Structures are given as C-alpha cells and as structure tokens.
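S.K.: Below is the structure I would like to discuss, written out as structure tokens.
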Amino acid sequence: MPVYEYVCNECAKQFEVLVLRQETAACPSCGSVDLKRLLSVPRVKSSSTHELAMRAAKKRDQAQAWERVNEQRKYEESHDRHG
C-alpha cells in the first residue's frame, strides 16, 4: 500500500495520501483531483541516522531547558523589583 506525496494544482496544498489499487487521489483541502505527484525521498533508518537524530534532539532539549531557566529568572527578578 503505497503512500504518495502530492501537491494540489488548485490550492497549492502539499499532502501525503495512501492510494489503494487504481483509486484516484483527491486534495483533502479543496477536493480537487488536479494533482501533481511529487518524488518521494525514501527514509533510511540506521544506527548513524538514529544517533544524529538523538544528538539533534538533545541539543534542542538543552536549548529549551536553558530558555525556561532564563524566563524563570527574568520572572523572579521582575517580581522581586515590584513586590
């Protein structure tokens, strides 16, 4: 059961859809069948891609944690001055 990527020629929405047998795909946004099928890039999962994804996730999580700490510090400073 292939999943194809399309872009609608009517509303320009890009989407993925599961196409069964000779079924015709339609845009979920406007219902048009005037679609262009895009070239899908296969997704490869390996230990190296997993490691890269984990490193990126850790970096993102650290940045978000630092941002939360910074916002909390600003909040506390603001209330110390006004309270």
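Chain labels run A, B, ... following the order of the structure tokens; each chain numbers its residues from 1, and ligands are numbered from 1 in the order shown.
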Leaving out stretch 25-35 of chain A and any residue of its chain fewer than 3 positions from it, which residues lie within 10 Å of it when counting only C-alpha atoms, given as a list in words?

M.R.: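 Near neighbours after the sequence-gap exclusion: Tyr4, Glu5, Tyr6, Val7, Cys8, Asn9, Glu10, Cys11, Ala12, Lys13, Gln14, Phe15, Glu16, Val17, Leu18, Val19, Leu20, Gln22 and Leu38 of chain A.
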
S.K.: For the selection you just gave me, I'd like the residues written to a file as an mmCIF file, in the first residue's frame, keeping C-alpha atoms.

M.R.:
```
data_model
loop_
_atom_site.group_PDB
_atom_site.id
_atom_site.type_symbol
_atom_site.label_atom_id
_atom_site.label_comp_id
_atom_site.auth_asym_id
_atom_site.auth_seq_id
_atom_site.Cartn_x
_atom_site.Cartn_y
_atom_site.Cartn_z
ATOM 1 C CA TYR A 4 2.367 9.138 -2.216
ATOM 2 C CA GLU A 5 3.136 12.822 -1.845
ATOM 3 C CA TYR A 6 1.131 15.276 -3.938
ATOM 4 C CA VAL A 7 0.723 18.982 -4.456
ATOM 5 C CA CYS A 8 -2.684 20.291 -5.498
ATOM 6 C CA ASN A 9 -2.676 22.391 -8.681
ATOM 7 C CA GLU A 10 -5.828 24.207 -7.499
ATOM 8 C CA CYS A 11 -4.965 25.321 -3.939
ATOM 9 C CA ALA A 12 -1.201 24.501 -3.779
ATOM 10 C CA LYS A 13 -1.602 22.351 -0.650
ATOM 11 C CA GLN A 14 1.055 19.660 -0.264
ATOM 12 C CA PHE A 15 -0.046 16.380 1.332
ATOM 13 C CA GLU A 16 0.519 12.638 1.591
ATOM 14 C CA VAL A 17 -2.144 10.066 0.849
ATOM 15 C CA LEU A 18 -2.421 6.296 0.898
ATOM 16 C CA VAL A 19 -3.536 5.167 -2.563
ATOM 17 C CA LEU A 20 -5.157 1.738 -2.872
ATOM 18 C CA GLN A 22 -6.427 2.188 -9.011
ATOM 19 C CA LEU A 38 5.970 14.530 -6.069
#
```

S.K.: List every residue of chain A that DSSP, applied to the backbone of this structure, places in helix (DSSP H, G or I), and write the result as a ChimeraX atom specification.

M.R.: /A:47-82

S.K.: Go ahead and dump the residues you just picked, N, CA and C atoms, as a short mmCIF file (atom, residue, chain, number, x, y, z; two decimals), in the first residue's frame.

M.R.:
```cif
data_model
loop_
_atom_site.label_atom_id
_atom_site.label_comp_id
_atom_site.auth_asym_id
_atom_site.auth_seq_id
_atom_site.Cartn_x
_atom_site.Cartn_y
_atom_site.Cartn_z
N SER A 47 21.69 3.06 12.42
CA SER A 47 22.25 3.47 13.71
C SER A 47 22.86 4.86 13.61
N SER A 48 23.45 5.21 12.47
CA SER A 48 24.05 6.54 12.34
C SER A 48 22.99 7.63 12.23
N THR A 49 21.89 7.37 11.49
CA THR A 49 20.84 8.39 11.42
C THR A 49 20.13 8.52 12.76
N HIS A 50 20.00 7.40 13.48
CA HIS A 50 19.40 7.45 14.82
C HIS A 50 20.27 8.28 15.76
N GLU A 51 21.57 8.08 15.69
CA GLU A 51 22.50 8.83 16.53
C GLU A 51 22.43 10.33 16.21
N LEU A 52 22.38 10.68 14.94
CA LEU A 52 22.26 12.08 14.55
C LEU A 52 20.96 12.69 15.06
N ALA A 53 19.88 11.95 14.95
CA ALA A 53 18.59 12.44 15.42
C ALA A 53 18.60 12.62 16.93
N MET A 54 19.22 11.70 17.64
CA MET A 54 19.29 11.81 19.11
C MET A 54 20.13 13.01 19.52
N ARG A 55 21.26 13.24 18.84
CA ARG A 55 22.09 14.41 19.15
C ARG A 55 21.33 15.70 18.91
N ALA A 56 20.59 15.76 17.79
CA ALA A 56 19.80 16.96 17.49
C ALA A 56 18.72 17.16 18.53
N ALA A 57 18.08 16.08 18.97
CA ALA A 57 17.03 16.18 19.99
C ALA A 57 17.60 16.65 21.32
N LYS A 58 18.76 16.13 21.70
CA LYS A 58 19.39 16.56 22.96
C LYS A 58 19.76 18.03 22.90
N LYS A 59 20.29 18.46 21.77
CA LYS A 59 20.66 19.87 21.61
C LYS A 59 19.43 20.76 21.71
N ARG A 60 18.34 20.34 21.06
CA ARG A 60 17.09 21.09 21.12
C ARG A 60 16.55 21.14 22.55
N ASP A 61 16.58 20.01 23.24
CA ASP A 61 16.08 19.95 24.62
C ASP A 61 16.91 20.82 25.56
N GLN A 62 18.23 20.84 25.36
CA GLN A 62 19.08 21.69 26.20
C GLN A 62 18.77 23.16 25.96
N ALA A 63 18.56 23.53 24.71
CA ALA A 63 18.24 24.93 24.38
C ALA A 63 16.90 25.31 25.01
N GLN A 64 15.92 24.42 24.95
CA GLN A 64 14.61 24.71 25.55
C GLN A 64 14.72 24.81 27.07
N ALA A 65 15.52 23.95 27.69
CA ALA A 65 15.70 24.00 29.14
C ALA A 65 16.37 25.30 29.54
N TRP A 66 17.39 25.71 28.81
CA TRP A 66 18.08 26.97 29.10
C TRP A 66 17.10 28.14 28.97
N GLU A 67 16.27 28.11 27.96
CA GLU A 67 15.27 29.17 27.75
C GLU A 67 14.28 29.22 28.91
N ARG A 68 13.83 28.06 29.40
CA ARG A 68 12.91 28.02 30.54
C ARG A 68 13.57 28.59 31.80
N VAL A 69 14.83 28.23 32.03
CA VAL A 69 15.55 28.74 33.19
C VAL A 69 15.70 30.25 33.09
N ASN A 70 16.05 30.72 31.92
CA ASN A 70 16.21 32.16 31.70
C ASN A 70 14.90 32.91 31.92
N GLU A 71 13.79 32.38 31.40
CA GLU A 71 12.49 33.01 31.58
C GLU A 71 12.08 33.02 33.05
N GLN A 72 12.36 31.94 33.76
CA GLN A 72 12.04 31.87 35.19
C GLN A 72 12.85 32.92 35.96
N ARG A 73 14.13 33.05 35.61
CA ARG A 73 14.99 34.04 36.28
C ARG A 73 14.46 35.46 36.03
N LYS A 74 14.07 35.76 34.79
CA LYS A 74 13.52 37.08 34.46
C LYS A 74 12.24 37.33 35.23
N TYR A 75 11.39 36.30 35.32
CA TYR A 75 10.13 36.42 36.04
C TYR A 75 10.39 36.73 37.51
N GLU A 76 11.31 35.99 38.12
CA GLU A 76 11.62 36.20 39.53
C GLU A 76 12.23 37.57 39.77
N GLU A 77 13.11 38.02 38.90
CA GLU A 77 13.70 39.35 39.03
C GLU A 77 12.63 40.42 38.93
N SER A 78 11.71 40.25 38.01
CA SER A 78 10.63 41.21 37.82
C SER A 78 9.76 41.32 39.06
N HIS A 79 9.45 40.18 39.67
CA HIS A 79 8.60 40.19 40.86
C HIS A 79 9.35 40.67 42.11
N ASP A 80 10.65 40.47 42.14
CA ASP A 80 11.45 40.97 43.26
C ASP A 80 11.47 42.50 43.26
N ARG A 81 11.54 43.11 42.08
CA ARG A 81 11.57 44.58 41.97
C ARG A 81 10.22 45.19 42.30
N HIS A 82 9.14 44.52 41.94
CA HIS A 82 7.80 45.08 42.10
C HIS A 82 7.09 44.60 43.36
#
```

S.K.: Per DSSP on the backbone, filter stretch 12-72 of chain A down to the residues in strand (DSSP E or B) and report them as a PyMOL selection string.

M.R.: chain A and resi 14-18+35-37
